[in-house]
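See below for model_30.cif, which holds mmCIF, C-alpha atoms and all ligand atoms.
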data_work
#
loop_
_atom_site.group_PDB
_atom_site.id
_atom_site.type_symbol
_atom_site.label_atom_id
_atom_site.label_comp_id
_atom_site.auth_asym_id
_atom_site.auth_seq_id
_atom_site.Cartn_x
_atom_site.Cartn_y
_atom_site.Cartn_z
ATOM 1 C CA MET K 87 -32.293 -28.689 -84.420
ATOM 2 C CA VAL K 88 -28.680 -27.930 -85.336
ATOM 3 C CA LEU K 89 -27.333 -30.381 -82.746
ATOM 4 C CA ARG K 90 -29.613 -33.099 -84.104
ATOM 5 C CA ASP K 91 -29.281 -32.451 -87.857
ATOM 6 C CA TYR K 92 -25.500 -32.004 -87.909
ATOM 7 C CA LYS K 93 -24.894 -34.741 -85.336
ATOM 8 C CA THR K 94 -22.791 -32.271 -83.367
ATOM 9 C CA SER K 95 -20.340 -34.032 -81.051
ATOM 10 C CA VAL K 96 -18.540 -31.034 -79.531
ATOM 11 C CA LEU K 97 -20.202 -27.844 -78.346
ATOM 12 C CA ILE K 98 -18.196 -24.772 -77.332
ATOM 13 C CA THR K 99 -20.259 -22.330 -75.318
ATOM 14 C CA THR K 100 -20.605 -20.491 -72.011
ATOM 15 C CA PRO K 101 -21.755 -22.282 -68.823
ATOM 16 C CA SER K 102 -24.954 -20.182 -68.757
ATOM 17 C CA SER K 103 -25.907 -21.122 -72.306
ATOM 18 C CA ALA K 104 -25.115 -24.793 -71.648
ATOM 19 C CA LEU K 105 -27.374 -24.725 -68.572
ATOM 20 C CA GLN K 106 -30.146 -23.159 -70.649
ATOM 21 C CA LEU K 107 -29.778 -25.937 -73.191
ATOM 22 C CA ALA K 108 -29.944 -28.601 -70.466
ATOM 23 C CA ASN K 109 -32.997 -26.872 -69.032
ATOM 24 C CA TYR K 110 -34.682 -26.797 -72.450
ATOM 25 C CA VAL K 111 -33.967 -30.484 -73.009
ATOM 26 C CA ARG K 112 -35.350 -31.380 -69.586
ATOM 27 C CA LYS K 113 -38.447 -29.166 -69.826
ATOM 28 C CA ASN K 114 -39.432 -30.448 -73.248
ATOM 29 C CA GLY K 115 -38.814 -34.091 -72.380
ATOM 30 C CA ILE K 116 -36.317 -34.467 -75.244
ATOM 31 C CA ASN K 117 -34.532 -37.821 -75.307
ATOM 32 C CA ILE K 118 -30.857 -36.853 -75.079
ATOM 33 C CA ASN K 119 -29.827 -40.034 -76.891
ATOM 34 C CA ILE K 120 -30.976 -38.602 -80.234
ATOM 35 C CA PHE K 121 -27.930 -36.301 -80.028
ATOM 36 C CA GLU K 122 -24.308 -37.286 -80.664
ATOM 37 C CA LEU K 123 -23.047 -34.705 -78.162
ATOM 38 C CA LYS K 124 -20.034 -36.004 -76.202
ATOM 39 C CA THR K 125 -18.029 -32.958 -75.226
ATOM 40 C CA LEU K 126 -18.819 -29.537 -73.818
ATOM 41 C CA ILE K 127 -16.036 -26.958 -73.838
ATOM 42 C CA LEU K 128 -17.001 -24.086 -71.576
ATOM 43 C CA ALA K 129 -15.432 -20.648 -71.735
ATOM 44 C CA GLY K 130 -16.341 -17.076 -70.852
ATOM 45 C CA GLU K 131 -17.354 -17.865 -67.266
ATOM 46 C CA ALA K 132 -16.206 -20.239 -64.532
ATOM 47 C CA ILE K 133 -18.319 -23.302 -63.781
ATOM 48 C CA GLY K 134 -19.104 -24.600 -60.297
ATOM 49 C CA ASN K 135 -18.997 -28.287 -59.395
ATOM 50 C CA GLU K 136 -22.747 -28.554 -58.969
ATOM 51 C CA ASP K 137 -23.520 -27.057 -62.388
ATOM 52 C CA ARG K 138 -20.817 -29.175 -63.998
ATOM 53 C CA GLN K 139 -22.304 -32.333 -62.545
ATOM 54 C CA ALA K 140 -25.814 -31.337 -63.657
ATOM 55 C CA LEU K 141 -24.639 -30.712 -67.218
ATOM 56 C CA GLU K 142 -22.755 -34.011 -67.393
ATOM 57 C CA GLU K 143 -25.768 -35.931 -66.128
ATOM 58 C CA ASP K 144 -28.434 -34.100 -68.134
ATOM 59 C CA LEU K 145 -26.593 -33.920 -71.456
ATOM 60 C CA HIS K 146 -24.512 -37.154 -71.169
ATOM 61 C CA VAL K 147 -21.302 -35.259 -71.900
ATOM 62 C CA THR K 148 -17.885 -34.596 -70.422
ATOM 63 C CA VAL K 149 -17.327 -30.971 -69.458
ATOM 64 C CA TRP K 150 -13.995 -29.230 -70.080
ATOM 65 C CA ALA K 151 -13.429 -25.767 -68.677
ATOM 66 C CA HIS K 152 -11.273 -23.283 -70.567
ATOM 67 C CA TYR K 153 -9.941 -19.909 -69.569
ATOM 68 C CA GLY K 154 -9.466 -17.189 -72.142
ATOM 69 C CA LEU K 155 -9.828 -13.431 -72.461
ATOM 70 C CA SER K 156 -10.952 -11.345 -75.400
ATOM 71 C CA GLU K 157 -8.141 -8.858 -74.655
ATOM 72 C CA VAL K 158 -5.463 -11.551 -74.841
ATOM 73 C CA PRO K 159 -5.012 -13.215 -78.242
ATOM 74 C CA GLY K 160 -5.246 -17.022 -78.540
ATOM 75 C CA PRO K 161 -4.437 -19.853 -78.110
ATOM 76 C CA ALA K 162 -6.470 -20.616 -74.989
ATOM 77 C CA ILE K 163 -4.682 -19.230 -71.941
ATOM 78 C CA ALA K 164 -5.476 -22.194 -69.711
ATOM 79 C CA PHE K 165 -7.223 -25.524 -70.219
ATOM 80 C CA GLU K 166 -8.305 -28.635 -68.341
ATOM 81 C CA CYS K 167 -6.680 -32.035 -68.811
ATOM 82 C CA ASN K 168 -8.141 -35.499 -68.114
ATOM 83 C CA ALA K 169 -7.638 -35.025 -64.381
ATOM 84 C CA HIS K 170 -10.034 -32.007 -64.278
ATOM 85 C CA GLU K 171 -8.213 -30.711 -61.201
ATOM 86 C CA GLY K 172 -7.552 -27.153 -62.265
ATOM 87 C CA LEU K 173 -6.523 -25.321 -65.402
ATOM 88 C CA HIS K 174 -3.108 -25.861 -66.966
ATOM 89 C CA MET K 175 -1.547 -22.557 -67.999
ATOM 90 C CA ASN K 176 -0.233 -22.542 -71.554
ATOM 91 C CA GLU K 177 3.162 -21.426 -70.290
ATOM 92 C CA ASP K 178 4.827 -21.740 -73.702
ATOM 93 C CA HIS K 179 2.740 -18.721 -74.688
ATOM 94 C CA PHE K 180 1.953 -16.854 -71.465
ATOM 95 C CA LEU K 181 3.835 -15.958 -68.307
ATOM 96 C CA PRO K 182 1.366 -15.923 -65.400
ATOM 97 C CA GLU K 183 1.828 -14.083 -62.116
ATOM 98 C CA ILE K 184 -0.505 -13.761 -59.154
ATOM 99 C CA ILE K 185 -0.355 -10.359 -57.476
ATOM 100 C CA ASP K 186 -1.955 -8.568 -54.578
ATOM 101 C CA PRO K 187 -4.317 -6.195 -56.443
ATOM 102 C CA ALA K 188 -3.891 -3.492 -53.793
ATOM 103 C CA THR K 189 -0.102 -3.385 -53.600
ATOM 104 C CA GLY K 190 0.965 -5.016 -56.855
ATOM 105 C CA SER K 191 3.395 -7.355 -55.085
ATOM 106 C CA VAL K 192 3.716 -10.923 -56.359
ATOM 107 C CA LEU K 193 2.086 -13.541 -54.127
ATOM 108 C CA GLY K 194 3.364 -17.031 -53.390
ATOM 109 C CA ASP K 195 1.876 -20.293 -54.672
ATOM 110 C CA GLY K 196 -1.462 -21.193 -53.145
ATOM 111 C CA GLN K 197 -2.495 -17.609 -52.399
ATOM 112 C CA PHE K 198 -5.472 -16.098 -54.185
ATOM 113 C CA GLY K 199 -4.791 -12.814 -55.970
ATOM 114 C CA GLU K 200 -5.161 -11.115 -59.315
ATOM 115 C CA LEU K 201 -3.963 -13.024 -62.361
ATOM 116 C CA VAL K 202 -1.483 -11.000 -64.424
ATOM 117 C CA LEU K 203 -0.389 -12.199 -67.858
ATOM 118 C CA THR K 204 2.513 -11.461 -70.160
ATOM 119 C CA THR K 205 2.344 -12.802 -73.702
ATOM 120 C CA LEU K 206 5.505 -14.596 -74.860
ATOM 121 C CA THR K 207 4.760 -15.447 -78.486
ATOM 122 C CA THR K 208 2.275 -12.788 -79.618
ATOM 123 C CA ARG K 209 3.847 -10.437 -82.198
ATOM 124 C CA ALA K 210 1.271 -7.910 -83.312
ATOM 125 C CA PHE K 211 -0.455 -7.322 -79.992
ATOM 126 C CA PRO K 212 1.913 -8.135 -77.155
ATOM 127 C CA LEU K 213 0.863 -7.490 -73.566
ATOM 128 C CA ILE K 214 3.223 -6.976 -70.665
ATOM 129 C CA ARG K 215 1.922 -7.717 -67.171
ATOM 130 C CA PHE K 216 -1.713 -7.318 -68.226
ATOM 131 C CA LYS K 217 -3.957 -7.191 -65.171
ATOM 132 C CA THR K 218 -6.873 -9.499 -65.917
ATOM 133 C CA GLY K 219 -9.003 -8.559 -62.885
ATOM 134 C CA ASP K 220 -9.643 -12.284 -62.410
ATOM 135 C CA LYS K 221 -9.031 -13.834 -59.016
ATOM 136 C CA ALA K 222 -6.952 -17.013 -59.194
ATOM 137 C CA ARG K 223 -4.258 -19.008 -57.410
ATOM 138 C CA VAL K 224 -1.520 -21.359 -58.468
ATOM 139 C CA ILE K 225 -2.085 -24.889 -57.194
ATOM 140 C CA LYS K 226 1.222 -26.394 -56.209
ATOM 141 C CA GLN K 227 0.892 -30.047 -57.100
ATOM 142 C CA SER K 228 2.002 -32.306 -59.900
ATOM 143 C CA CYS K 229 -0.800 -33.364 -62.180
ATOM 144 C CA LEU K 230 -1.853 -36.949 -62.850
ATOM 145 C CA CYS K 231 -1.646 -36.282 -66.597
ATOM 146 C CA GLY K 232 2.128 -35.747 -66.388
ATOM 147 C CA ARG K 233 2.128 -32.185 -67.756
ATOM 148 C CA GLU K 234 4.415 -29.814 -65.913
ATOM 149 C CA LEU K 235 2.537 -26.668 -66.910
ATOM 150 C CA SER K 236 1.388 -24.972 -63.725
ATOM 151 C CA LEU K 237 -2.172 -25.488 -62.588
ATOM 152 C CA ILE K 238 -4.384 -22.592 -61.596
ATOM 153 C CA GLU K 239 -7.663 -22.482 -59.741
ATOM 154 C CA TRP K 240 -10.160 -19.943 -61.080
ATOM 155 C CA GLN K 241 -13.699 -19.739 -59.705
ATOM 156 C CA GLY K 242 -14.884 -16.704 -61.608
ATOM 157 C CA ASP K 243 -14.442 -14.143 -58.826
ATOM 158 C CA ARG K 244 -13.133 -10.693 -59.716
ATOM 159 C CA THR K 245 -10.748 -8.327 -58.004
ATOM 160 C CA ASP K 246 -12.707 -5.323 -59.332
ATOM 161 C CA ASP K 247 -16.345 -4.290 -59.869
ATOM 162 C CA LEU K 248 -16.830 -6.133 -63.126
ATOM 163 C CA ILE K 249 -19.817 -8.461 -63.442
ATOM 164 C CA ASN K 250 -19.733 -11.371 -65.878
ATOM 165 C CA ILE K 251 -23.101 -12.597 -67.142
ATOM 166 C CA ASP K 252 -23.047 -15.315 -69.759
ATOM 167 C CA GLY K 253 -19.628 -14.122 -70.969
ATOM 168 C CA VAL K 254 -20.746 -10.478 -71.264
ATOM 169 C CA LYS K 255 -18.728 -8.248 -68.960
ATOM 170 C CA VAL K 256 -20.034 -5.024 -67.529
ATOM 171 C CA HIS K 257 -18.810 -2.630 -64.845
ATOM 172 C CA LYS K 258 -21.144 -1.812 -61.956
ATOM 173 C CA LYS K 259 -20.241 1.847 -62.479
ATOM 174 C CA GLN K 260 -21.583 1.698 -66.047
ATOM 175 C CA ILE K 261 -24.966 0.481 -64.775
ATOM 176 C CA GLN K 262 -24.967 3.000 -61.928
ATOM 177 C CA LEU K 263 -24.339 5.915 -64.292
ATOM 178 C CA SER K 264 -27.115 4.777 -66.658
ATOM 179 C CA ILE K 265 -29.578 4.473 -63.785
ATOM 180 C CA GLN K 266 -28.576 7.842 -62.472
ATOM 181 C CA SER K 267 -29.096 9.589 -65.786
ATOM 182 C CA LEU K 268 -32.310 7.719 -66.678
ATOM 183 C CA LEU K 269 -34.022 7.835 -63.310
ATOM 184 C CA ASP K 270 -32.345 10.722 -61.614
ATOM 185 C CA LEU K 271 -31.862 8.569 -58.509
ATOM 186 C CA PRO K 272 -28.551 8.416 -56.668
ATOM 187 C CA SER K 273 -27.378 4.836 -57.182
ATOM 188 C CA ASP K 274 -23.833 4.932 -55.830
ATOM 189 C CA THR K 275 -24.891 3.017 -52.728
ATOM 190 C CA SER K 276 -26.963 0.502 -54.670
ATOM 191 C CA LYS K 277 -26.574 -3.213 -54.142
ATOM 192 C CA PHE K 278 -25.976 -5.668 -57.007
ATOM 193 C CA LEU K 279 -27.251 -9.237 -56.994
ATOM 194 C CA ILE K 280 -26.894 -11.889 -59.662
ATOM 195 C CA LYS K 281 -30.072 -13.908 -60.017
ATOM 196 C CA LYS K 282 -31.412 -16.628 -62.242
ATOM 197 C CA ARG K 283 -34.752 -17.053 -63.970
ATOM 198 C CA ASP K 284 -35.275 -20.189 -66.096
ATOM 199 C CA GLU K 285 -31.507 -20.814 -66.000
ATOM 200 C CA LYS K 286 -30.946 -17.343 -67.471
ATOM 201 C CA LYS K 287 -28.859 -15.000 -65.362
ATOM 202 C CA TYR K 288 -29.742 -11.372 -64.797
ATOM 203 C CA ILE K 289 -28.621 -8.525 -62.581
ATOM 204 C CA GLU K 290 -30.887 -7.167 -59.882
ATOM 205 C CA VAL K 291 -30.019 -3.686 -58.659
ATOM 206 C CA TRP K 292 -31.400 -2.471 -55.350
ATOM 207 C CA ILE K 293 -31.590 1.288 -55.193
ATOM 208 C CA PRO K 294 -32.029 2.953 -51.814
ATOM 209 C CA VAL K 295 -34.889 5.439 -51.660
ATOM 210 C CA ASN K 296 -36.219 7.403 -48.747
ATOM 211 C CA ASP K 297 -39.723 6.792 -47.415
ATOM 212 C CA LEU K 298 -41.129 9.951 -48.968
ATOM 213 C CA ILE K 299 -40.903 8.489 -52.414
ATOM 214 C CA PHE K 300 -43.418 5.755 -51.562
ATOM 215 C CA SER K 301 -46.428 7.917 -52.279
ATOM 216 C CA ASP K 302 -47.837 9.471 -55.466
ATOM 217 C CA GLU K 303 -44.556 9.400 -57.296
ATOM 218 C CA ILE K 304 -44.389 5.611 -57.352
ATOM 219 C CA LYS K 305 -46.609 5.058 -60.423
ATOM 220 C CA GLU K 306 -44.627 7.547 -62.413
ATOM 221 C CA LEU K 307 -41.402 5.936 -61.290
ATOM 222 C CA GLU K 308 -42.551 2.475 -62.329
ATOM 223 C CA THR K 309 -42.942 3.643 -65.916
ATOM 224 C CA LEU K 310 -39.493 5.231 -65.806
ATOM 225 C CA ILE K 311 -37.970 2.085 -64.323
ATOM 226 C CA GLN K 312 -39.453 -0.033 -67.121
ATOM 227 C CA ARG K 313 -37.952 2.350 -69.647
ATOM 228 C CA ALA K 314 -34.573 2.272 -67.896
ATOM 229 C CA GLU K 315 -34.554 -1.548 -67.831
ATOM 230 C CA ASN K 316 -35.276 -1.685 -71.580
ATOM 231 C CA ASN K 317 -32.573 0.870 -72.208
ATOM 232 C CA LEU K 318 -29.989 -1.106 -70.197
ATOM 233 C CA LEU K 319 -30.851 -4.347 -72.001
ATOM 234 C CA GLU K 320 -30.450 -2.613 -75.335
ATOM 235 C CA ASN K 321 -27.156 -0.938 -74.456
ATOM 236 C CA ILE K 322 -25.274 -3.545 -72.446
ATOM 237 C CA GLY K 323 -27.018 -6.716 -73.641
ATOM 238 C CA ILE K 324 -27.753 -8.003 -70.134
ATOM 239 C CA PRO K 325 -31.166 -8.084 -68.453
ATOM 240 C CA VAL K 326 -31.209 -5.747 -65.457
ATOM 241 C CA ALA K 327 -34.073 -5.599 -62.955
ATOM 242 C CA ILE K 328 -34.276 -2.386 -60.930
ATOM 243 C CA ARG K 329 -35.816 -2.599 -57.461
ATOM 244 C CA LEU K 330 -36.462 0.350 -55.184
ATOM 245 C CA LYS K 331 -35.755 -0.552 -51.573
ATOM 246 C CA GLU K 332 -35.969 1.286 -48.329
ATOM 247 C CA LYS K 333 -32.546 2.384 -47.173
ATOM 248 C CA ARG K 334 -32.492 0.138 -44.084
ATOM 249 C CA MET K 335 -32.966 -2.981 -46.288
ATOM 250 C CA ILE K 336 -29.731 -2.253 -48.129
HETATM 251 ZN ZN ZN F 1 -3.056 -32.303 -66.023
#
Taking this structure as input, can you express it in the form of structure tokens?
Amino acid sequence: MVLRDYKTSVLITTPSSALQLANYVRKNGININIFELKTLILAGEAIGNEDRQALEEDLHVTVWAHYGLSEVPGPAIAFECNAHEGLHMNEDHFLPEIIDPATGSVLGDGQFGELVLTTLTTRAFPLIRFKTGDKARVIKQSCLCGRELSLIEWQGDRTDDLINIDGVKVHKKQIQLSIQSLLDLPSDTSKFLIKKRDEKKYIEVWIPVNDLIFSDEIKELETLIQRAENNLLENIGIPVAIRLKEKRMI
């Protein structure tokens, strides 16, 4: 309704929300030509080529990926140019380094490692060698657009246990501790999967249980699991589905 009534031409959102919009448009048979939408600026998560192509085709837009962090004050840390061949670092404002997360040593161009940022122009909240936890690499090539700002490749992978769902970041440990206290089940060997239902991402946690539990206790546990899932959604803002699995499956 807002897109239509305000004749919105640029939408800034996360890839997950954009995919939900495209899904809604497709499912409801909405003629995309009633919108004036031309540009999608996506931040908060990385976008894969397949999803990018789907969005451009479904919504008749051009997609521009941005990279930013809530911990690091604006402007955008890195942005795409017309070539769409990586993200140009805003090097007037940030000094990027790629390090080996285990040893801290600086890696050469082309090698994937952890992106570390130092702010150059921020006054009130400067950061020195801030470890972003994001996996990235510097692409050594000159860009068709003529800019000499270095290009980085960022696919959304992390160097730590953080999960990013629709721009909301959560540590696996945080979920594990909640499950442990709510269900009294050891979850330190649990497995985390990111799944999608109706274009909406959620986390599925597989918790190993021994065979004994698959008896009378199961009904009782199901109620507790439901309660734990509601509690997690309320507290971290991300849907989490808890599945009990036999140890050998994990
Ligand atoms: Zn460029």
Contacts of ligand ZN 1 (chain F), 7 Å or closer, only C-alpha atoms and all ligand atoms, given as an NGL selection string: :K and (166-169 or 174 or 229-233)
Best match for closeness to K:Lys277 among K:Lys226, K:Lys333, K:Arg313, K:Lys305, counting all atoms listed in the file: K:Lys333
Contacts of stretch 195-202 of chain K within 6 Å, all atoms listed in the file, excl. fewer than 6 positions in-chain, as number ranges by chain: K: 182-187, 215-225
Residues matched by the PyMOL selection byres (((chain K and resi 87) around 12) and not hetatm), written as a list in words: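 That expression, the PyMOL selection byres (((chain K and resi 87) around 12) and not hetatm), corresponds here to Val88, Leu89, Arg90, Asp91, Tyr92, Lys93, Thr94, Leu107, Val111, Ile116, Ile120 and Phe121 of chain K.
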Non-local contacts of K:Phe211 (9 Å; only C-alpha atoms; under 6 positions in same chain excluded) as a PyMOL selection string: chain K and resi 158-159+205
Residues matched by the PyMOL selection byres (((chain K and resi 261) around 10) and not hetatm) as a PyMOL selection string: chain K and resi 256-260+262-266+273+278+289+291+318+322+326
Could you state which residues are captured by the PyMOL selection byres (((chain K and resi 317) around 12) and not hetatm) in this file, as a PDB file with C-alpha atoms, keeping the file's coordinate frame?
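File out_4.pdb, as written:
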ATOM      1  CA  ILE K 261     -24.966   0.481 -64.775  1.00  0.00           C
ATOM      2  CA  SER K 264     -27.115   4.777 -66.658  1.00  0.00           C
ATOM      3  CA  ILE K 265     -29.578   4.473 -63.785  1.00  0.00           C
ATOM      4  CA  SER K 267     -29.096   9.589 -65.786  1.00  0.00           C
ATOM      5  CA  LEU K 268     -32.310   7.719 -66.678  1.00  0.00           C
ATOM      6  CA  LEU K 269     -34.022   7.835 -63.310  1.00  0.00           C
ATOM      7  CA  LEU K 310     -39.493   5.231 -65.806  1.00  0.00           C
ATOM      8  CA  ILE K 311     -37.970   2.085 -64.323  1.00  0.00           C
ATOM      9  CA  GLN K 312     -39.453  -0.033 -67.121  1.00  0.00           C
ATOM     10  CA  ARG K 313     -37.952   2.350 -69.647  1.00  0.00           C
ATOM     11  CA  ALA K 314     -34.573   2.272 -67.896  1.00  0.00           C
ATOM     12  CA  GLU K 315     -34.554  -1.548 -67.831  1.00  0.00           C
ATOM     13  CA  ASN K 316     -35.276  -1.685 -71.580  1.00  0.00           C
ATOM     14  CA  LEU K 318     -29.989  -1.106 -70.197  1.00  0.00           C
ATOM     15  CA  LEU K 319     -30.851  -4.347 -72.001  1.00  0.00           C
ATOM     16  CA  GLU K 320     -30.450  -2.613 -75.335  1.00  0.00           C
ATOM     17  CA  ASN K 321     -27.156  -0.938 -74.456  1.00  0.00           C
ATOM     18  CA  ILE K 322     -25.274  -3.545 -72.446  1.00  0.00           C
ATOM     19  CA  GLY K 323     -27.018  -6.716 -73.641  1.00  0.00           C
ATOM     20  CA  ILE K 324     -27.753  -8.003 -70.134  1.00  0.00           C
ATOM     21  CA  PRO K 325     -31.166  -8.084 -68.453  1.00  0.00           C
ATOM     22  CA  VAL K 326     -31.209  -5.747 -65.457  1.00  0.00           C
ATOM     23  CA  ALA K 327     -34.073  -5.599 -62.955  1.00  0.00           C
ATOM     24  CA  ILE K 328     -34.276  -2.386 -60.930  1.00  0.00           C
TER      25      ILE K 328
END
Expected axis-aligned box over every listed atom of stretch 172-188 of chain K, 8 Å added per side, centre plus edges in Å to one decimal, as lines of an AutoDock Vina configuration file:
center_x = -1.4
center_y = -15.3
center_z = -64.2
size_x = 28.4
size_y = 39.7
size_z = 36.9
For atom CA of K:Pro101 and atom CA of K:Leu203, the interatomic separation in Å (one decimal): 23.6 Å
Two-atom distance - atom CA of K:Asp243, atom CA of K:Ile214 (Å): 22.4 Å
